[in-house]
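Trainee: Let me give you the structure first, and then I'll get to my questions.
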Amino acid sequence: MKKQKDVELSRMFAYAGNYHGLTVLGCVLAAVSTVLSMLPFVCIWFVIRDLIHAGGQAGAAQTGGAHYAWLAVLFSVLSILMYFLALNCAHLAAFRTATNMRKEALHHIVKLPLGYFDKNASGRLRKVIDDNAGLTEGFLAHQLPDLAGAIVMPVAVLILLFVFDWRLGICCLVPMGLGVVFLKQMMGGDNATFMSSYMTALETMNKEAVEYIRGIPVVKVFQQTVFSFQNFHGAIEEYKAFASGYALKCRMPMTGFTVALNGTFVLLIPVALLLLSGVTGQAAYEDVVLDFLFYSLFTPVCATMMNRIMFASEQLMAAKSAVSRVEAVLQEKPLPEPAQPQEPKDASVVFEQVTFTYPGAEKSALNGISFTVPQGKTVALVGASGSGKSTAASLIPRFYDVTAGRVLIGGVDVREIGRKKRMEHVAFVFQNTRLFSDTLLENIRAARPEASREEVLRAAEAAQCSEIINRLPKGLDTVVGVGGTYLSGGENQRVALARAILKDAPIVVLDEATAFADAENEHRIQLALGELTRGKTVLMIAHRLSTVQNADEILVFDGGTIKERGNHEKLLAQGGMYVSMWAEYQTAVSWKVGKEVTE
């Protein structure tokens with residue numbers, strides 16, 4: 001069985017597609033460039049040798065030295081050219097790899113149920129997909145060619161170290177061996193998991209930063225800067241403690257690694273002096289001096305090689321961790337699609353003994369609830385926050401699968417309806433409306449991309465958006481959101497209703513559709529809701545009980561169960577939870593802010 005690192009590397013290369021060959025070619029060219037980069041040192045040694053052996057014959061030394069000098073220049077130019085070509089090949093493959101990683105991840109996450117995004121904040125997903133793809137791109141474009149060179153370099157170095165004088169070669173090899181020992185201490189043991197923990201800490205900081213920035217308007221209004229900053233500050237402190245701890249762990253090995261690589265002359269000079277003291281004759285003396293000069297010139301190359309290996313190893317760890325995190329997103333399973341999709345017979349909705357528990361939760365959010373929304377009827381869900389209303393509504397378009405029981409649309413289990421057909425049957429208006437940074441036209445047309453401009457305009461008018469369109473500088477063609485015009489919460493809600501009207505689905509789920517509306521906007525939204533829900537099957541969630549008085553049936557949720565059911569009059573007559581809720585609502589709407597007037 002392949003090692004995990006081999007699997008990660010093979011997946012990294014697989015993302016390159018047809019450009020995989022360029023990655024291999026880039027590594028080969030980088031290896032050739034590394035070998036060529038060492039040959040000028042040999043040529044320089046020959047130049048020095050000729051100068052020393054020529055003695056007083058300057059002409060002969062100049063002739064031989066010039067030959068080797070030009071060879072040194074040639075090898076240097078060829079090395080630079082090969083490295084340039086290697087980087088070009090590696091960059092082309094790296095760009096394609098990063099692009100394919102982003103595309104595959106984005107194509108996959110759009111298939112995941114909406115519940116997945118409740119568990120994974122947008123800041124974290126952006127970090128996982130975008131930054132990790134960029135990190136992999138950097139590794140393939142720069143560090144992988146260097147790694148290929150670093151793998152080839154030790155072989156070439158070992159050959160050169162022992163070609164001239166094996167005794168001086170061992171002197172250069174000992175510090176390199178010590179460097180490997182210290183390098184293993186930094187990269188092995190508990191530190192081997194550093195990169196995974198490092199990425200996790202960065203993702204946490206990124207998520208908290210996004211959440212904090214999004215909440216700045218609320219923070220500034222209520223002057224809660226210190227308290228609101230706690231989560232973000234805690235993430236920064238956690239990262240700081242982690243990074244500092246790792247740095248302290250690596251302090252001694254890194255110091256030893258640096259000293260070992262730069263301490264070659266501590267062995268080289270005494271051994272060279274010892275060798276000189278044991279030779280007789282001018283020729284033998286010159287040979288030892290020449291060998292010492294070669295190793296003096298070549299020693300910095302050994303240090304460069306070890307630094308390359310260390311840096312490339314660190315980047316390899318980061319790249320493997322990046323690929324594994326993108327792979328973790330790709331391994332998230334979409335909800336299974338039926339082998340033989342069935343067609344709903346009508347637009348009714350039925351819950352049969354439905355129990356649901358959120359992934360990772362210990363307590364069920366819904367416990368054996370059953371109710372029916374007949375075709376063309378309106379059922380309202382009311383209750384305290386956390387009672388299970390929104391959870392029940394999210395099971396209709398199958399944002400999650402039930403833990404037990406069944407949810408049926410038109411007599412067919414939602415799990416047996418194809419995704420496209422299911423979404424054609426259900427329009428969902430969320431409490432928090434999201435508008436794209438695009439024209440108002442395209443924001444509404446997102447519900448049905450093939451809709452004509454006239455159809456979009458009719459839907460906007462039905463959703464009471466005419467006043468918004470007339471006020472905007474370019475009407476439907478005005479860009480809203482970032483870089484454009486901002487709309488109020490109530491206006492955003494009307495745009496969302498325009499989307500739902502344009503979609504024209506037979507089942508409409510309304511989750512607090514008037515949550516952010518002021519008095520004027522609420523009136524307009526109610527008119528839009530009347531247009532949207534005419535002749536439709538409607539499941540309505542609301543805290544404002546005035547919006548559910550005319551519902552055919554009202555279900556009172558509490559603790560994941562249905563405590564009461566009936567229409568408005570029937571529930572008031574029962575004298576139960578609904579009566580208390582109604583009384584509290586009536587008291588709330590009668591509140592007035594202002595100075596009390598006394599006679």
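Here, A, B, ... name the chains of the structure tokens in the order displayed, residue numbers run from 1 inside each chain, and ligands are numbered from 1 in the same displayed order.
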Using only C-alpha atoms, which protein or nucleic acid residues come within 6 Å of segment 564-580 of chain A? Drop anything in the same chain fewer than 2 positions from it, and give the result as a list in words.

Mentor: Gln549, Asp552, Glu553, Ile554, Leu555, Val556, Ile562, Trp582 and Ala583 of chain A

Trainee: Keeping N, CA and C atoms, export the residues of the selection given above as a PDB file, in the first residue's frame.

Mentor:
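Result file follows (selection04.pdb):
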ATOM      1  N   GLN A 549     -52.098  35.023  11.341  1.00  0.00           N
ATOM      2  CA  GLN A 549     -53.486  34.923  11.800  1.00  0.00           C
ATOM      3  C   GLN A 549     -54.384  34.233  10.782  1.00  0.00           C
ATOM      4  N   ASP A 552     -54.142  28.609   7.469  1.00  0.00           N
ATOM      5  CA  ASP A 552     -55.129  27.527   7.605  1.00  0.00           C
ATOM      6  C   ASP A 552     -54.877  26.713   8.862  1.00  0.00           C
ATOM      7  N   GLU A 553     -53.603  26.579   9.250  1.00  0.00           N
ATOM      8  CA  GLU A 553     -53.274  25.868  10.478  1.00  0.00           C
ATOM      9  C   GLU A 553     -51.997  26.466  11.049  1.00  0.00           C
ATOM     10  N   ILE A 554     -51.940  26.544  12.371  1.00  0.00           N
ATOM     11  CA  ILE A 554     -50.763  27.049  13.076  1.00  0.00           C
ATOM     12  C   ILE A 554     -50.240  25.930  13.972  1.00  0.00           C
ATOM     13  N   LEU A 555     -48.941  25.652  13.855  1.00  0.00           N
ATOM     14  CA  LEU A 555     -48.304  24.634  14.682  1.00  0.00           C
ATOM     15  C   LEU A 555     -47.393  25.329  15.688  1.00  0.00           C
ATOM     16  N   VAL A 556     -47.596  25.036  16.952  1.00  0.00           N
ATOM     17  CA  VAL A 556     -46.801  25.641  18.020  1.00  0.00           C
ATOM     18  C   VAL A 556     -45.686  24.667  18.401  1.00  0.00           C
ATOM     19  N   ILE A 562     -44.322  19.297  18.545  1.00  0.00           N
ATOM     20  CA  ILE A 562     -45.485  20.148  18.308  1.00  0.00           C
ATOM     21  C   ILE A 562     -46.400  20.048  19.527  1.00  0.00           C
ATOM     22  N   TRP A 582     -49.453  35.057  22.127  1.00  0.00           N
ATOM     23  CA  TRP A 582     -50.253  36.125  21.537  1.00  0.00           C
ATOM     24  C   TRP A 582     -50.304  37.337  22.466  1.00  0.00           C
ATOM     25  N   ALA A 583     -50.464  37.069  23.759  1.00  0.00           N
ATOM     26  CA  ALA A 583     -50.517  38.157  24.734  1.00  0.00           C
ATOM     27  C   ALA A 583     -49.186  38.908  24.770  1.00  0.00           C
TER      28      ALA A 583
END

Trainee: Any chance you could list, as number ranges by chain, the residues in segment 249-351 of chain A that come up helix (DSSP H, G or I) when DSSP is run on the backbone?

Mentor: A: 249-262, 264-277, 282-330

Trainee: So that I can check the surroundings of Glu416 of chain A, please list as a ChimeraX atom specification every protein, DNA and RNA residue that reaches within 7 Å of it, counting only C-alpha atoms and ignoring chain neighbours fewer than 6 positions away.

Mentor: /A:338,341-342

Trainee: Go through A:Tyr400, A:Phe75, A:Trp70, A:Tyr285 and flag the residue nearest Asp118 of chain A, using only C-alpha atoms for the distances.

Mentor: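 Between A:Tyr400, A:Phe75, A:Trp70, A:Tyr285, the residue approaching Asp118 of chain A most closely is A:Tyr400.
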
Trainee: So that I can check the surroundings of Ile309 of chain A, please list as a ChimeraX atom specification every protein, DNA and RNA residue that reaches within 10 Å of it, counting only C-alpha atoms and ignoring chain neighbours fewer than 2 positions away.

Mentor: /A:143,146-151,153-154,180,183,303-307,311-315

Trainee: Could you tell me which of A:Ala380, A:Met176, A:Ala201, A:Val329 comes closest to Tyr239 of chain A if we count only C-alpha atoms?

Mentor: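 For Tyr239 of chain A, the nearest of the given residues is A:Ala201.
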
Trainee: Write out as a ChimeraX atom specification each polymer residue whose atoms come within 9 Å of Val174 of chain A, counting only C-alpha atoms; drop sequence neighbours fewer than 3 positions from it.

Mentor: /A:169-171,177-179,260,264,267

Trainee: Neighbours of Asn132 of chain A within 10 Å (only C-alpha atoms; same-chain residues fewer than 3 positions away dropped), as JSON, numbers by chain?

Mentor: {"A": [98, 101, 102, 126, 127, 128, 129, 135, 136, 137, 138, 199, 318, 319, 320, 321, 322, 323, 324, 325, 326]}

Trainee: Excluding Gln353 of chain A and any residue of its chain fewer than 5 positions from it, enumerate the residues within 7 Å of it, using only C-alpha atoms, and give them as a PyMOL selection string.

Mentor: chain A and resi 368-370+405-406

Trainee: What does the structure give for the distance between atom CA of Leu78 of chain A and atom CA of Ala90 of chain A, in Å to one decimal?

Mentor: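 Distance reported for this atom pair: 18.0 Å.
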
Trainee: Apply DSSP to the backbone of this structure and, from segment 406-574 of chain A, keep only the residues in strand (DSSP E); write these as a PyMOL selection string.

Mentor: chain A and resi 406-409+412-413+426-429+438-439+479-480+507-511+537-541+553-558+561-566

Trainee: Point out the residue among A:Val382, A:Ala404, A:Ala30, A:Val163 with the least atom-to-atom distance to Ala551 of chain A, counting only C-alpha atoms.

Mentor: A:Val382

Trainee: Looking at A:Phe41, A:Val349, A:Lys421, A:Gly263, which one is nearest to Leu297 of chain A, with distances taken over only C-alpha atoms?

Mentor: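 The answer is A:Phe41, which sits nearest to Leu297 of chain A.
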
Trainee: Counting only C-alpha atoms, which of A:Val35, A:Gly535, A:Ile525, A:Phe292 gets nearest to Val155 of chain A?

Mentor: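 The answer is A:Val35, which sits nearest to Val155 of chain A.
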
Trainee: Find, counting only C-alpha atoms, the residue in A:Asp558, A:Glu343, A:Glu442, A:Glu491 that gets nearest to Ile468 of chain A.

Mentor: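 Residue with the minimum atom-to-atom distance to Ile468 of chain A: A:Glu491.
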